[in-house]
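Structure data follow from coords-v5.txt (compact mmCIF, C-alpha atoms):
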# COMPACT_ATOMS: atom_id res chain seq x y z
CA MET A 289 0.00 0.00 0.00
CA GLN A 290 1.06 3.59 -0.61
CA VAL A 291 -0.54 6.80 0.62
CA THR A 292 0.00 10.15 -1.11
CA TYR A 293 -1.31 13.57 -0.07
CA SER A 294 -2.17 15.95 -2.90
CA ASN A 295 -4.60 18.70 -3.94
CA ALA A 296 -7.57 19.17 -6.23
CA THR A 297 -6.61 21.90 -8.69
CA ASP A 298 -8.55 24.12 -11.10
CA THR A 299 -8.24 24.33 -14.88
CA LYS A 300 -10.21 26.39 -17.38
CA ARG A 301 -12.63 23.52 -17.96
CA ALA A 302 -13.17 21.98 -14.52
CA ARG A 303 -11.60 20.87 -11.27
CA ARG A 304 -8.99 18.14 -11.58
CA VAL A 305 -7.40 15.32 -9.60
CA TRP A 306 -4.18 14.33 -11.39
CA ILE A 307 -2.44 11.07 -10.51
CA GLU A 308 0.82 10.35 -12.30
CA GLY A 309 3.77 8.13 -11.62
CA GLU A 310 5.16 4.75 -10.65
CA HIS A 311 2.63 4.26 -7.86
CA ASN A 312 0.00 3.75 -10.59
CA ASN A 313 2.06 0.92 -12.04
CA ARG A 314 2.55 -0.72 -8.64
CA ALA A 315 -1.22 -0.64 -8.02
CA GLY A 316 -1.89 -2.28 -11.40
CA PHE A 317 -3.06 0.90 -13.14
CA THR A 318 -0.63 0.65 -16.04
CA ALA A 319 -1.05 2.62 -19.26
CA GLY A 320 -4.03 1.33 -21.23
CA THR A 321 -5.67 -0.40 -18.24
CA LYS A 322 -9.46 -0.20 -18.06
CA TYR A 323 -11.03 0.88 -14.75
CA ARG A 324 -14.31 2.07 -13.31
CA MET A 325 -14.96 5.03 -11.01
CA ASP A 326 -17.44 4.97 -8.08
CA ILE A 327 -18.33 8.11 -6.13
CA SER A 328 -19.75 8.56 -2.62
CA GLU A 329 -20.79 12.18 -2.19
CA ALA A 330 -21.70 11.66 1.48
CA GLN A 331 -18.21 10.38 2.28
CA LYS A 332 -16.46 12.63 -0.26
CA ARG A 333 -14.79 9.52 -1.62
CA ILE A 334 -13.82 8.39 -5.12
CA THR A 335 -12.94 4.74 -5.69
CA LEU A 336 -11.09 3.58 -8.80
CA THR A 337 -11.10 -0.17 -9.48
CA VAL A 338 -9.30 -2.07 -12.25
CA ASP A 339 -12.07 -3.53 -14.40
CA PRO A 340 -11.69 -4.88 -17.98
CA ALA A 341 -15.28 -3.73 -18.58
CA GLY A 342 -14.67 -0.29 -17.14
CA ASP A 343 -15.49 2.85 -19.11
CA LYS A 344 -12.24 4.67 -18.28
CA THR A 345 -8.67 4.09 -19.44
CA VAL A 346 -5.32 4.93 -17.88
CA SER A 347 -3.50 7.24 -20.27
CA SER A 348 0.22 7.95 -20.42
CA CYS A 349 2.91 10.48 -21.19
CA THR A 350 6.62 10.20 -21.85
CA ARG A 351 9.10 11.83 -19.51
CA ALA A 352 12.87 11.44 -19.93
CA GLY A 353 12.20 8.78 -22.50
CA LYS A 354 10.07 6.69 -20.15
CA SER A 355 6.32 6.12 -20.34
CA ARG A 356 4.42 7.19 -17.22
CA PRO A 357 0.79 6.19 -16.49
CA ILE A 358 -1.66 9.03 -15.88
CA ILE A 359 -5.10 9.09 -14.28
CA ASP A 360 -6.79 12.41 -15.00
CA LEU A 361 -10.10 12.93 -13.22
CA HIS A 362 -11.30 16.12 -14.78
CA ASN A 363 -14.99 16.95 -14.57
CA LYS A 364 -17.75 18.79 -12.72
CA THR A 365 -18.20 15.86 -10.34
CA ILE A 366 -14.87 16.71 -8.72
CA GLU A 367 -16.11 20.25 -8.04
CA ALA A 368 -19.09 18.86 -6.15
CA LEU A 369 -16.81 16.83 -3.89
CA TYR A 370 -13.81 19.07 -3.24
CA PRO A 371 -13.39 22.86 -3.16
CA SER A 372 -10.65 24.56 -5.14
CA GLY A 373 -7.23 23.68 -3.79
CA ALA A 374 -8.70 21.12 -1.37
CA ARG A 375 -6.24 18.73 0.20
CA ILE A 376 -6.88 15.10 -0.63
CA ARG A 377 -5.48 11.71 0.35
CA ILE A 378 -4.82 9.09 -2.33
CA GLN A 379 -4.41 5.50 -1.16
CA PHE A 380 -2.99 2.91 -3.57
CA GLU A 381 -3.65 -0.81 -3.18
CA ARG A 382 -3.59 -3.69 -5.64
CA HIS A 383 -6.10 -2.84 -8.40
CA LEU A 384 -7.67 -0.19 -6.14
CA ILE A 385 -7.15 3.57 -5.69
CA THR A 386 -9.18 5.42 -3.05
CA ILE A 387 -9.37 9.23 -3.00
CA THR A 388 -10.74 10.95 0.09
CA GLU A 389 -10.78 14.36 1.67
CA HIS A 390 -7.66 15.11 3.72
CA HIS A 391 -8.19 13.90 7.31
CA GLU A 392 -7.35 17.31 8.81
CA ASP A 393 -9.96 19.03 6.64
CA THR A 394 -12.50 16.42 7.66
CA ALA A 395 -11.61 16.99 11.31
CA ARG A 396 -12.02 20.74 10.87
CA LYS A 397 -15.53 20.39 9.44
CA VAL A 398 -16.53 17.92 12.15
CA ARG A 399 -15.40 20.17 15.00
CA GLU A 400 -17.04 23.24 13.50
CA ASP A 401 -20.37 21.47 12.97
CA GLN A 402 -20.30 20.02 16.47
CA PHE A 403 -19.41 23.33 18.09
CA GLN A 404 -22.18 25.23 16.34
CA ARG A 405 -24.74 22.54 17.15
CA ASN A 406 -23.75 22.33 20.82
CA ALA A 407 -23.54 26.12 21.20
CA LYS A 408 -27.08 26.38 19.90
CA SER A 409 -28.30 23.91 22.52
CA GLY A 410 -26.10 25.27 25.32
CA THR A 411 -24.34 21.94 25.77
CA LEU A 412 -20.76 22.71 24.80
CA ARG A 413 -18.27 19.99 25.74
CA GLU A 414 -15.30 21.38 27.64
CA ALA A 415 -11.90 19.94 28.58
CA SER A 416 -8.90 21.21 30.50
CA ALA A 417 -5.19 20.34 30.60
CA CYS A 418 -2.61 21.52 33.14
CA THR A 419 -5.70 22.26 35.21
CA GLY A 420 -4.20 23.03 38.60
CA GLY A 421 -6.97 23.65 41.11
CA GLY A 422 -9.53 24.37 38.40
CA VAL A 423 -9.70 28.18 38.64
CA SER A 424 -9.58 28.92 34.92
CA THR A 425 -11.61 25.77 34.21
CA GLN A 426 -14.50 26.97 36.38
CA ALA A 427 -14.30 30.50 34.97
CA ILE A 428 -14.63 29.24 31.38
CA HIS A 429 -17.48 26.92 32.37
CA GLU A 430 -19.29 29.82 34.03
CA GLY A 431 -18.67 32.15 31.09
CA LEU A 432 -20.12 29.61 28.67
CA GLY A 433 -23.32 29.44 30.70
CA GLY A 434 -22.64 26.38 32.83
CA GLY A 435 -24.92 24.20 30.75
CA GLY A 436 -22.20 22.12 29.11
CA SER A 437 -20.09 19.32 30.49
CA LEU A 438 -16.42 18.98 31.40
CA LYS A 439 -15.37 15.83 29.54
CA TRP A 440 -11.86 15.48 30.98
CA VAL A 441 -9.15 17.24 32.92
CA ALA A 442 -5.41 16.51 32.91
CA GLU A 443 -3.13 17.51 35.78
CA MET A 444 0.07 16.02 37.16
CA GLU A 445 -0.25 17.22 40.78
CA LEU A 446 -2.58 14.95 42.76
CA LYS A 447 -3.28 17.51 45.49
CA TYR A 448 -4.42 20.07 42.93
CA ILE A 449 -6.65 17.74 40.95
CA ASP A 450 -8.15 16.34 44.17
CA SER A 451 -9.04 19.89 45.15
CA ALA A 452 -10.57 20.58 41.72
CA ALA A 453 -12.56 17.35 41.89
CA GLN A 454 -14.10 18.42 45.20
CA ARG A 455 -14.50 22.15 44.63
CA CYS A 456 -14.52 23.17 40.94
CA LEU A 457 -18.12 23.65 39.81
CA ALA A 458 -17.27 22.50 36.28
CA VAL A 459 -16.31 18.99 37.47
CA ASP A 460 -19.00 16.35 37.89
CA ASP A 461 -19.21 12.57 38.16
CA SER A 462 -18.90 12.18 34.38
CA THR A 463 -15.57 14.04 34.16
CA THR A 464 -12.56 11.83 33.41
CA MET A 465 -9.64 12.70 35.68
CA LEU A 466 -6.23 12.17 34.04
CA ILE A 467 -3.42 12.43 36.59
CA ALA A 468 -0.02 12.53 34.89
CA PRO A 469 2.19 14.90 32.88
CA VAL A 470 0.27 15.61 29.67
CA GLU A 471 3.08 14.22 27.53
CA GLU A 472 2.60 10.80 29.15
CA ILE A 473 -1.18 10.50 28.74
CA GLU A 474 -2.45 8.15 26.02
CA SER A 475 -4.45 9.78 23.25
CA ARG A 476 -7.39 7.40 23.71
CA PHE A 477 -8.30 9.09 27.00
CA TYR A 478 -8.81 12.48 25.37
CA ALA A 479 -12.50 12.46 24.48
CA ASP A 480 -13.83 14.85 21.83
CA CYS A 481 -14.57 18.35 23.08
CA ASP A 482 -15.66 21.73 21.75
CA VAL A 483 -13.53 23.99 23.98
CA LEU A 484 -10.11 23.03 25.32
CA SER A 485 -8.25 25.23 27.80
CA PHE A 486 -4.75 24.77 29.17
CA SER A 487 -1.92 26.63 30.85
CA MET A 488 1.46 25.01 30.36
CA PRO A 489 3.88 25.42 33.29
CA CYS A 490 5.31 28.91 33.16
CA ASN A 491 8.70 28.06 34.67
CA LYS A 492 10.05 27.18 31.22
CA VAL A 493 8.89 30.40 29.56
CA SER A 494 9.04 33.02 32.30
CA LEU A 495 12.05 35.22 32.99
CA ALA A 496 12.03 34.23 36.66
CA GLY A 497 11.85 30.54 35.79
CA LYS A 498 14.82 30.78 33.44
CA ALA A 499 16.90 32.61 36.02
CA LYS A 500 16.13 30.00 38.66
CA THR A 501 16.45 26.78 36.63
CA GLY A 502 18.87 27.79 33.87
CA GLU A 503 16.71 25.79 31.44
CA HIS A 504 15.92 26.88 27.93
CA GLU A 505 12.34 27.34 26.79
CA THR A 506 12.57 24.41 24.38
CA ASP A 507 12.90 22.04 27.37
CA SER A 508 9.12 22.27 27.66
CA THR A 509 8.11 18.76 26.58
CA GLU A 510 4.55 19.54 27.68
CA LEU A 511 4.06 21.00 24.20
CA PHE A 512 4.09 17.51 22.67
CA GLY A 513 1.43 16.32 25.11
CA ILE A 514 -0.72 19.38 24.48
CA MET A 515 -0.56 18.97 20.71
CA ARG A 516 -1.45 15.28 21.05
CA ALA A 517 -4.43 16.22 23.21
CA ILE A 518 -5.58 18.73 20.57
CA GLU A 519 -5.19 16.13 17.82
CA ALA A 520 -7.20 13.55 19.75
CA SER A 521 -10.00 15.75 21.15
CA ASN A 522 -10.38 18.02 18.08
CA PRO A 523 -11.71 21.18 19.80
CA ALA A 524 -13.14 24.03 17.76
CA VAL A 525 -11.89 26.54 20.32
CA ILE A 526 -8.53 26.47 22.11
CA ILE A 527 -7.79 28.80 25.04
CA SER A 528 -4.25 29.01 26.43
CA GLU A 529 -2.88 31.27 29.18
CA ASN A 530 0.66 31.95 30.31
CA VAL A 531 3.04 34.64 31.53
CA VAL A 532 3.59 37.59 29.20
CA SER A 533 7.07 36.44 28.20
CA ALA A 534 5.58 33.20 26.84
CA LYS A 535 4.37 35.15 23.80
CA THR A 536 7.91 35.43 22.43
CA SER A 537 9.11 31.99 23.55
CA PRO A 538 10.07 29.20 21.12
CA VAL A 539 7.43 26.98 22.75
CA TYR A 540 4.57 29.25 21.75
CA ALA A 541 6.10 30.04 18.36
CA LEU A 542 6.01 26.31 17.55
CA MET A 543 2.49 25.96 18.93
CA ARG A 544 1.15 28.87 16.89
CA ALA A 545 2.72 27.55 13.69
CA GLU A 546 1.21 24.10 14.16
CA LEU A 547 -2.23 25.41 15.12
CA ARG A 548 -2.32 27.58 12.00
CA ARG A 549 -1.30 24.58 9.91
CA LYS A 550 -4.14 22.58 11.46
CA GLY A 551 -6.69 25.20 10.44
CA TYR A 552 -7.07 27.52 13.44
CA LYS A 553 -7.25 31.28 13.29
CA LEU A 554 -5.30 32.72 16.21
CA PHE A 555 -6.05 35.72 18.42
CA GLU A 556 -3.52 37.00 20.96
CA GLN A 557 -4.02 39.51 23.76
CA ILE A 558 -2.33 40.59 26.99
CA LEU A 559 -5.01 40.94 29.68
CA ASP A 560 -4.57 42.70 33.02
CA ALA A 561 -6.64 44.44 35.67
CA SER A 562 -7.72 47.11 33.18
CA HIS A 563 -9.80 44.39 31.50
CA THR A 564 -11.27 42.93 34.69
CA ASP A 565 -11.24 45.48 37.53
CA SER A 566 -9.66 42.87 39.79
CA PHE A 567 -7.47 44.21 42.61
CA GLU A 568 -4.34 42.24 41.73
CA ASN A 569 -2.78 43.46 38.50
CA ARG A 570 -1.77 40.14 36.98
CA PRO A 571 -0.95 40.59 33.27
CA ARG A 572 -1.19 37.39 31.29
CA TYR A 573 -0.73 36.34 27.67
CA TRP A 574 -3.82 34.71 26.21
CA LEU A 575 -3.88 32.74 22.97
CA VAL A 576 -7.30 31.86 21.58
CA GLY A 577 -7.47 29.58 18.55
CA ILE A 578 -10.78 29.24 16.71
CA SER A 579 -11.35 26.86 13.81
CA GLU A 580 -11.06 28.84 10.57
CA GLY A 581 -14.51 28.06 9.20
CA ILE A 582 -16.29 29.61 12.19
CA ALA A 583 -13.70 32.17 13.33
CA PRO A 584 -14.76 35.83 13.67
CA GLU A 585 -12.86 38.70 12.09
CA SER A 586 -11.68 39.87 15.50
CA PHE A 587 -11.67 38.60 19.06
CA GLU A 588 -10.66 41.10 21.71
CA VAL A 589 -11.66 41.56 25.33
CA SER A 590 -12.39 45.23 25.94
CA LYS A 591 -11.20 47.30 28.88
CA VAL A 592 -13.56 48.16 31.73
CA ALA A 593 -14.06 51.11 34.03
CA ARG A 594 -12.15 50.78 37.30
CA SER A 595 -14.17 50.84 40.50
CA GLY A 596 -11.39 52.32 42.63
CA ARG A 597 -12.06 49.87 45.48
CA LYS A 598 -9.58 50.11 48.30
CA LEU A 599 -7.77 47.12 49.75
CA SER A 600 -9.47 47.68 53.09
CA GLU A 601 -12.77 46.64 51.48
CA LEU A 602 -11.36 43.19 50.67
CA LEU A 603 -9.78 42.33 54.00
CA ASP A 604 -11.02 39.86 56.58
CA PRO A 605 -12.35 41.07 59.93
CA PRO A 606 -9.44 41.68 62.38
CA GLU A 607 -10.34 38.76 64.64
CA ILE A 608 -10.03 36.24 61.79
CA VAL A 609 -6.46 37.23 60.90
CA ALA A 610 -5.17 38.10 64.35
CA ASP A 611 -2.72 35.18 64.43
CA LEU A 612 -1.14 36.12 61.06
CA TRP A 613 0.62 39.26 62.32
CA ALA A 614 4.37 39.20 63.02
CA GLU A 615 7.31 41.60 63.09
CA ASN A 616 9.36 39.60 60.54
CA PRO A 617 12.76 41.04 61.58
CA GLY A 618 14.56 38.78 59.10
CA LEU A 619 12.67 40.20 56.11
CA LYS A 620 13.24 43.75 57.30
CA ALA A 621 16.97 43.15 57.72
CA LYS A 622 17.19 41.55 54.27
CA ALA A 623 15.41 44.51 52.68
CA LYS A 624 17.89 46.85 54.31
CA ARG A 625 20.88 44.80 53.11
CA ASP A 626 19.52 44.60 49.57
CA ALA A 627 18.95 48.35 49.43
CA GLU A 628 22.45 49.12 50.68
CA LYS A 629 23.96 46.67 48.21
CA ALA A 630 22.07 48.24 45.32
CA LYS A 631 23.12 51.70 46.43
CA LYS A 632 26.76 50.62 46.27
CA GLY A 633 26.37 49.39 42.70
CA GLY A 634 25.37 45.83 43.44
CA GLY A 635 22.53 45.77 40.94
CA SER A 636 18.76 45.91 41.28
CA PHE A 637 16.61 44.10 43.83
CA PHE A 638 12.97 43.37 44.59
CA ALA A 639 11.76 46.12 46.89
CA ARG A 640 9.22 45.05 49.45
CA THR A 641 5.53 45.65 48.72
CA LEU A 642 4.01 46.94 51.97
CA LEU A 643 0.29 47.75 51.88
CA THR A 644 -1.70 49.70 54.43
CA GLY A 645 -5.26 49.28 53.12
CA ILE A 646 -5.66 52.49 51.15
CA GLU A 647 -4.26 50.99 47.92
CA THR A 648 -6.46 50.32 44.89
CA ALA A 649 -4.19 47.67 43.31
CA CYS A 650 -1.33 45.33 44.12
CA GLY A 651 1.27 43.37 42.21
CA VAL A 652 1.41 39.68 41.38
CA ILE A 653 1.10 37.09 44.15
CA GLY A 654 2.93 33.91 43.17
CA LYS A 655 2.85 30.19 43.95
CA GLY A 656 5.29 30.44 46.87
CA TYR A 657 3.43 33.24 48.63
CA ASN A 658 3.02 31.26 51.84
CA LYS A 659 6.83 31.20 52.21
CA LYS A 660 6.85 34.93 53.00
CA ARG A 661 8.97 36.00 50.04
CA SER A 662 10.18 39.57 50.38
CA GLY A 663 9.06 40.81 46.96
CA GLU A 664 5.36 39.96 47.36
CA PRO A 665 2.58 41.97 49.06
CA PHE A 666 2.40 42.27 52.84
CA ILE A 667 -0.12 44.22 54.88
CA VAL A 668 1.47 46.43 57.52
CA ALA A 669 0.19 48.03 60.72
CA GLY A 670 2.86 49.80 62.74
CA LYS A 671 5.74 47.37 63.36
CA LEU A 672 3.60 44.36 62.48
CA GLU A 673 2.98 42.88 59.08
CA ARG A 674 1.26 39.86 57.58
CA LEU A 675 0.46 38.01 54.39
CA PHE A 676 -2.98 37.99 52.88
CA SER A 677 -5.13 35.22 54.24
CA ALA A 678 -6.19 32.63 51.67
CA ALA A 679 -9.66 34.21 51.52
CA GLU A 680 -8.15 37.67 50.92
CA HIS A 681 -5.83 36.25 48.27
CA ALA A 682 -8.90 34.87 46.50
CA ARG A 683 -10.67 38.23 46.63
CA VAL A 684 -7.79 40.20 45.12
CA LYS A 685 -7.78 37.73 42.20
CA SER A 686 -11.62 37.69 41.98
CA ILE A 687 -11.52 33.92 42.58
CA PRO A 688 -14.76 32.46 43.98
CA ALA A 689 -14.39 31.22 47.55
CA ASN A 690 -15.65 27.71 46.73
CA LEU A 691 -12.39 26.90 44.89
CA ILE A 692 -10.27 27.09 48.05
CA GLU A 693 -12.78 26.42 50.82
CA GLY A 694 -11.36 24.11 53.50
CA LEU A 695 -7.89 23.85 51.95
CA PRO A 696 -4.70 24.22 54.01
CA LYS A 697 -3.52 27.77 53.48
CA SER A 698 -0.25 26.61 51.89
CA VAL A 699 -2.11 24.62 49.21
CA ALA A 700 -4.66 27.39 48.71
CA HIS A 701 -1.90 29.95 48.12
CA GLU A 702 -0.12 27.55 45.73
CA ILE A 703 -3.26 26.96 43.65
CA MET A 704 -4.11 30.64 43.39
CA GLY A 705 -0.51 31.83 43.07
CA GLN A 706 0.03 29.84 39.89
CA SER A 707 -3.46 30.47 38.59
CA VAL A 708 -5.13 33.50 36.98
CA ASP A 709 -7.21 36.55 37.63
CA TYR A 710 -10.52 34.67 37.49
CA ARG A 711 -12.21 37.34 35.43
CA GLN A 712 -9.76 37.03 32.54
CA PRO A 713 -10.89 33.55 31.36
CA LEU A 714 -14.43 34.42 32.45
CA ARG A 715 -14.54 37.38 30.08
CA ILE A 716 -12.97 35.37 27.25
CA ALA A 717 -15.64 32.70 27.64
CA GLN A 718 -18.39 35.32 27.87
CA LEU A 719 -17.16 36.86 24.62
CA LEU A 720 -17.27 33.44 22.96
CA ALA A 721 -20.80 32.92 24.27
CA THR A 722 -21.86 36.28 22.83
CA ILE A 723 -20.30 35.72 19.40
CA TYR A 724 -21.78 32.24 19.02
CA ASN A 725 -25.12 32.89 20.77
CA VAL A 726 -24.58 30.08 23.27
CA GLN A 727 -27.96 28.99 24.56
CA GLY A 728 -28.54 29.92 28.20
CA VAL A 729 -26.11 32.85 28.25
CA ALA A 730 -27.68 36.31 28.50
CA ALA A 731 -26.67 38.65 25.70

Written as structure tokens, how would this file's structure read?
Amino acid sequence: MQVTYSNATDTKRARRVWIEGEHNNRAGFTAGTKYRMDISEAQKRITLTVDPAGDKTVSSCTRAGKSRPIIDLHNKTIEALYPSGARIRIQFERHLITITEHHEDTARKVREDQFQRNAKSGTLREASACTGGGVSTQAIHEGLGGGGSLKWVAEMELKYIDSAAQRCLAVDDSTTMLIAPVEEIESRFYADCDVLSFSMPCNKVSLAGKAKTGEHETDSTELFGIMRAIEASNPAVIISENVVSAKTSPVYALMRAELRRKGYKLFEQILDASHTDSFENRPRYWLVGISEGIAPESFEVSKVARSGRKLSELLDPPEIVADLWAENPGLKAKAKRDAEKAKKGGGSFFARTLLTGIETACGVIGKGYNKKRSGEPFIVAGKLERLFSAAEHARVKSIPANLIEGLPKSVAHEIMGQSVDYRQPLRIAQLLATIYNVQGVAA
């Protein structure tokens, strides 16, 4: 057997499928051989079978002094099956040639039809990879109306996926939980979906991650697992989030090139608090891929008016956080040493972020927040200072309380610190719901 990938081309008379070469000889379609042609419009398939009583004949031409067999399918029937320039697959077997639509074009039409049908009924099928504690997963589910189903989630950290299974409102008893690095998961477990979201680990593409690990961005083998998941589940919409520096990384350059090749139109945007009115200003790079046949001309989350809320409005009552206060002499001494070193020409340093309650924004709170890292936000009152409680951390990121309820504070801070401003994926999903008139979502 031999398989060749080609194209249907246009001539002045009609659309043409041209098959020339030694593969015709090997399949028994030598010059002068009679054959018949059978067409299945429903399957977009043409079957050529060697048949002495057939009404068609293999022709030939001479190239470099050697005769070459030619099959020239050149009529209006081809136009009904394949659009101009359509990719096709030609499979050669003994006395049989089968011509079908290219599998990637078939997949594109299938996902687009399924997405539009399920959007109309409000039953979009969702999936999530590199899920963490399910923050972005729940936001997308909410933004799409909550009427669909989460087919599967993939996450390598058991404590995070256990938390999502118990707390994320998108997860139900029908959701398949895949617990492993995405590059190790077998394709057969990735059920078809309409919307796939993922956030590959940022340590391979962030500036801080590179400085800490010394690894290059192309060490991110998660990309292979993600692309396999996309191939297997065939989503019409792909939503990916990462740190801002990911946009210019080799990992995302490769991903964008392959998604375009597979027939997705890509939309990129940096979202921050100006798009969400969340207290924490957490800029993130968002890549949204939408299958070409249903993609809009533009896809952009607009900015919103800022409320000007003060931090004091988001804090817990004093009695709840009374045991969090400390003087932290070690952090204060380190800040003083760092400042003196910088003043003497020792380079830059992360100045401490000390908040009193009158602020209307704060910087990024990371995964290791519970470790009391000097560069992240602390609340101060006189000589005392403290971290945000887990509940306060959730509020500054606009994360619903259900996603961290009952968790140890260290795990809660980890989940939120490596997650997103909840309203960023929420607004992306709401925009999708508006564009595609998802049933059950208010306009």

- Message: Give me the residues near range 297-314 of chain A as a list in words, where near means some atom within 8 Å (using all atoms listed in the file) and where sequence neighbours in that chain fewer than 3 positions away do not count.
- Response: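 That gives Gln290, Phe317, Thr318, Arg356, Pro357, Ile358, Ile359, Asp360, Leu361, His362, Asn363, Lys364, Ile366, Glu367, Ser372, Gly373, Ala374, Phe380 and Arg382 of chain A.
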
- Item | Counting only C-alpha atoms, the option among A:Lys660, A:Arg548, A:Lys598, A:Lys408 closest to Gly618 in chain A | A:Lys660

Sort by chain and increasing residue number a table of all residues of range 450-551 of chain A within 9 Å of range 698-710 of chain A, each with its closest pair of atoms and their distance in Å to one decimal, counting all atoms listed in the file, and write it as JSON lines.
{"residue": "A:Ser487", "atom": "CA", "partner": "A:Ser707", "partner_atom": "CA", "distance": 8.8}
{"residue": "A:Pro489", "atom": "CA", "partner": "A:Gln706", "partner_atom": "CA", "distance": 8.8}
{"residue": "A:Cys490", "atom": "CA", "partner": "A:Gln706", "partner_atom": "CA", "distance": 8.6}
{"residue": "A:Glu529", "atom": "CA", "partner": "A:Val708", "partner_atom": "CA", "distance": 8.4}
{"residue": "A:Asn530", "atom": "CA", "partner": "A:Val708", "partner_atom": "CA", "distance": 9.0}

- Skip Thr335 in chain A itself and residues of its chain fewer than 2 positions away, then list as a ChimeraX atom specification all residues within 8 Å of it, counting only C-alpha atoms. /A:325-327,333,337,384-387

Those residues you just picked out, can you put them in a file as a short mmCIF file (atom, residue, chain, number, x, y, z; two decimals), in the coordinates of the input with C-alpha atoms?
data_model
loop_
_atom_site.label_atom_id
_atom_site.label_comp_id
_atom_site.auth_asym_id
_atom_site.auth_seq_id
_atom_site.Cartn_x
_atom_site.Cartn_y
_atom_site.Cartn_z
CA MET A 325 -14.96 5.03 -11.01
CA ASP A 326 -17.44 4.97 -8.08
CA ILE A 327 -18.33 8.11 -6.13
CA ARG A 333 -14.79 9.52 -1.62
CA THR A 337 -11.10 -0.17 -9.48
CA LEU A 384 -7.67 -0.19 -6.14
CA ILE A 385 -7.15 3.57 -5.69
CA THR A 386 -9.18 5.42 -3.05
CA ILE A 387 -9.37 9.23 -3.00
#

- For His429 in chain A, which of A:Arg405, A:Lys671, A:Arg413, A:Arg594 is the closest residue, counting only C-alpha atoms?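 Checking each of A:Arg405, A:Lys671, A:Arg413, A:Arg594 against His429 in chain A, counting only C-alpha atoms, the winner is A:Arg413.
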
- Do you have the CA of Ala541 in chain A-CA of Phe587 in chain A distance handy?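 CA of Ala541 in chain A sits 19.7 Å away from CA of Phe587 in chain A.
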
- Query: Which residue gives the smallest distance to Val609 in chain A among A:Glu673, A:Thr644, A:Ser566, A:Asp560, with all atoms listed in the file counted?
  - Reply: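 Of the candidates, the smallest distance to Val609 in chain A is held by A:Glu673.
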
If you count only C-alpha atoms, which residues fall within 8 Å of Cys481 in chain A, apart from same-chain ones fewer than 2 positions away, as an mmCIF file with C-alpha atoms, keeping the file's coordinate frame?
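Listed below is the output, out_21.cif:
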data_model
loop_
_atom_site.group_PDB
_atom_site.id
_atom_site.type_symbol
_atom_site.label_atom_id
_atom_site.label_comp_id
_atom_site.auth_asym_id
_atom_site.auth_seq_id
_atom_site.Cartn_x
_atom_site.Cartn_y
_atom_site.Cartn_z
ATOM 1 C CA LEU A 412 -20.760 22.710 24.800
ATOM 2 C CA ARG A 413 -18.270 19.990 25.740
ATOM 3 C CA GLU A 414 -15.300 21.380 27.640
ATOM 4 C CA ALA A 415 -11.900 19.940 28.580
ATOM 5 C CA LYS A 439 -15.370 15.830 29.540
ATOM 6 C CA ALA A 479 -12.500 12.460 24.480
ATOM 7 C CA VAL A 483 -13.530 23.990 23.980
ATOM 8 C CA LEU A 484 -10.110 23.030 25.320
ATOM 9 C CA SER A 521 -10.000 15.750 21.150
ATOM 10 C CA ASN A 522 -10.380 18.020 18.080
ATOM 11 C CA PRO A 523 -11.710 21.180 19.800
ATOM 12 C CA ALA A 524 -13.140 24.030 17.760
#

- Item | Surrounding residues of Gly420 in chain A excluding itself and chain neighbours under 6 positions, 8 Å, only C-alpha atoms, as an MDAnalysis selection string | chainID A and resid 443 445 448:449 452 703 707

- CA of Glu510 in chain A to CA of Gly421 in chain A, distance in Å rounded to a single decimal: 18.2 Å

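Here CA of Ala352 in chain A is placed at a distance of 29.5 Å from CA of Arg324 in chain A.
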
- Between A:Ser600, A:Asn295, A:Ser416, A:Thr345, which one has atoms that come closest to Ile646 in chain A, using all atoms listed in the file? A:Ser600

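Among A:Leu432, A:Ala407, A:Ile687, A:Ile653, the residue with the shortest atom-to-atom distance to Ala730 in chain A, counting all atoms listed in the file, is A:Leu432.
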
Using 3 Å of padding on each side, determine the axis-aligned box around all atoms of range 622-628 of chain A present in the file and give its centre and edge lengths in Å to one decimal, as JSON.
{"center_x": 18.9, "center_y": 45.3, "center_z": 51.9, "size_x": 13.0, "size_y": 13.6, "size_z": 10.9}

- Message: When you look at Tyr293 in chain A with a cut-off of 9 Å (counting only C-alpha atoms), what residues show up, excluding the ones that are within fewer than 2 positions of it in the same chain? I need them as a list in words.
- Response: Val291, Asn295, Arg375, Ile376, Arg377, Ile378, Gln379 and His390 of chain A

- Minimum-distance residue to Ile723 in chain A, chosen among A:Pro605, A:Pro469, A:Gly663, A:Pro584 (using all atoms listed in the file): A:Pro584
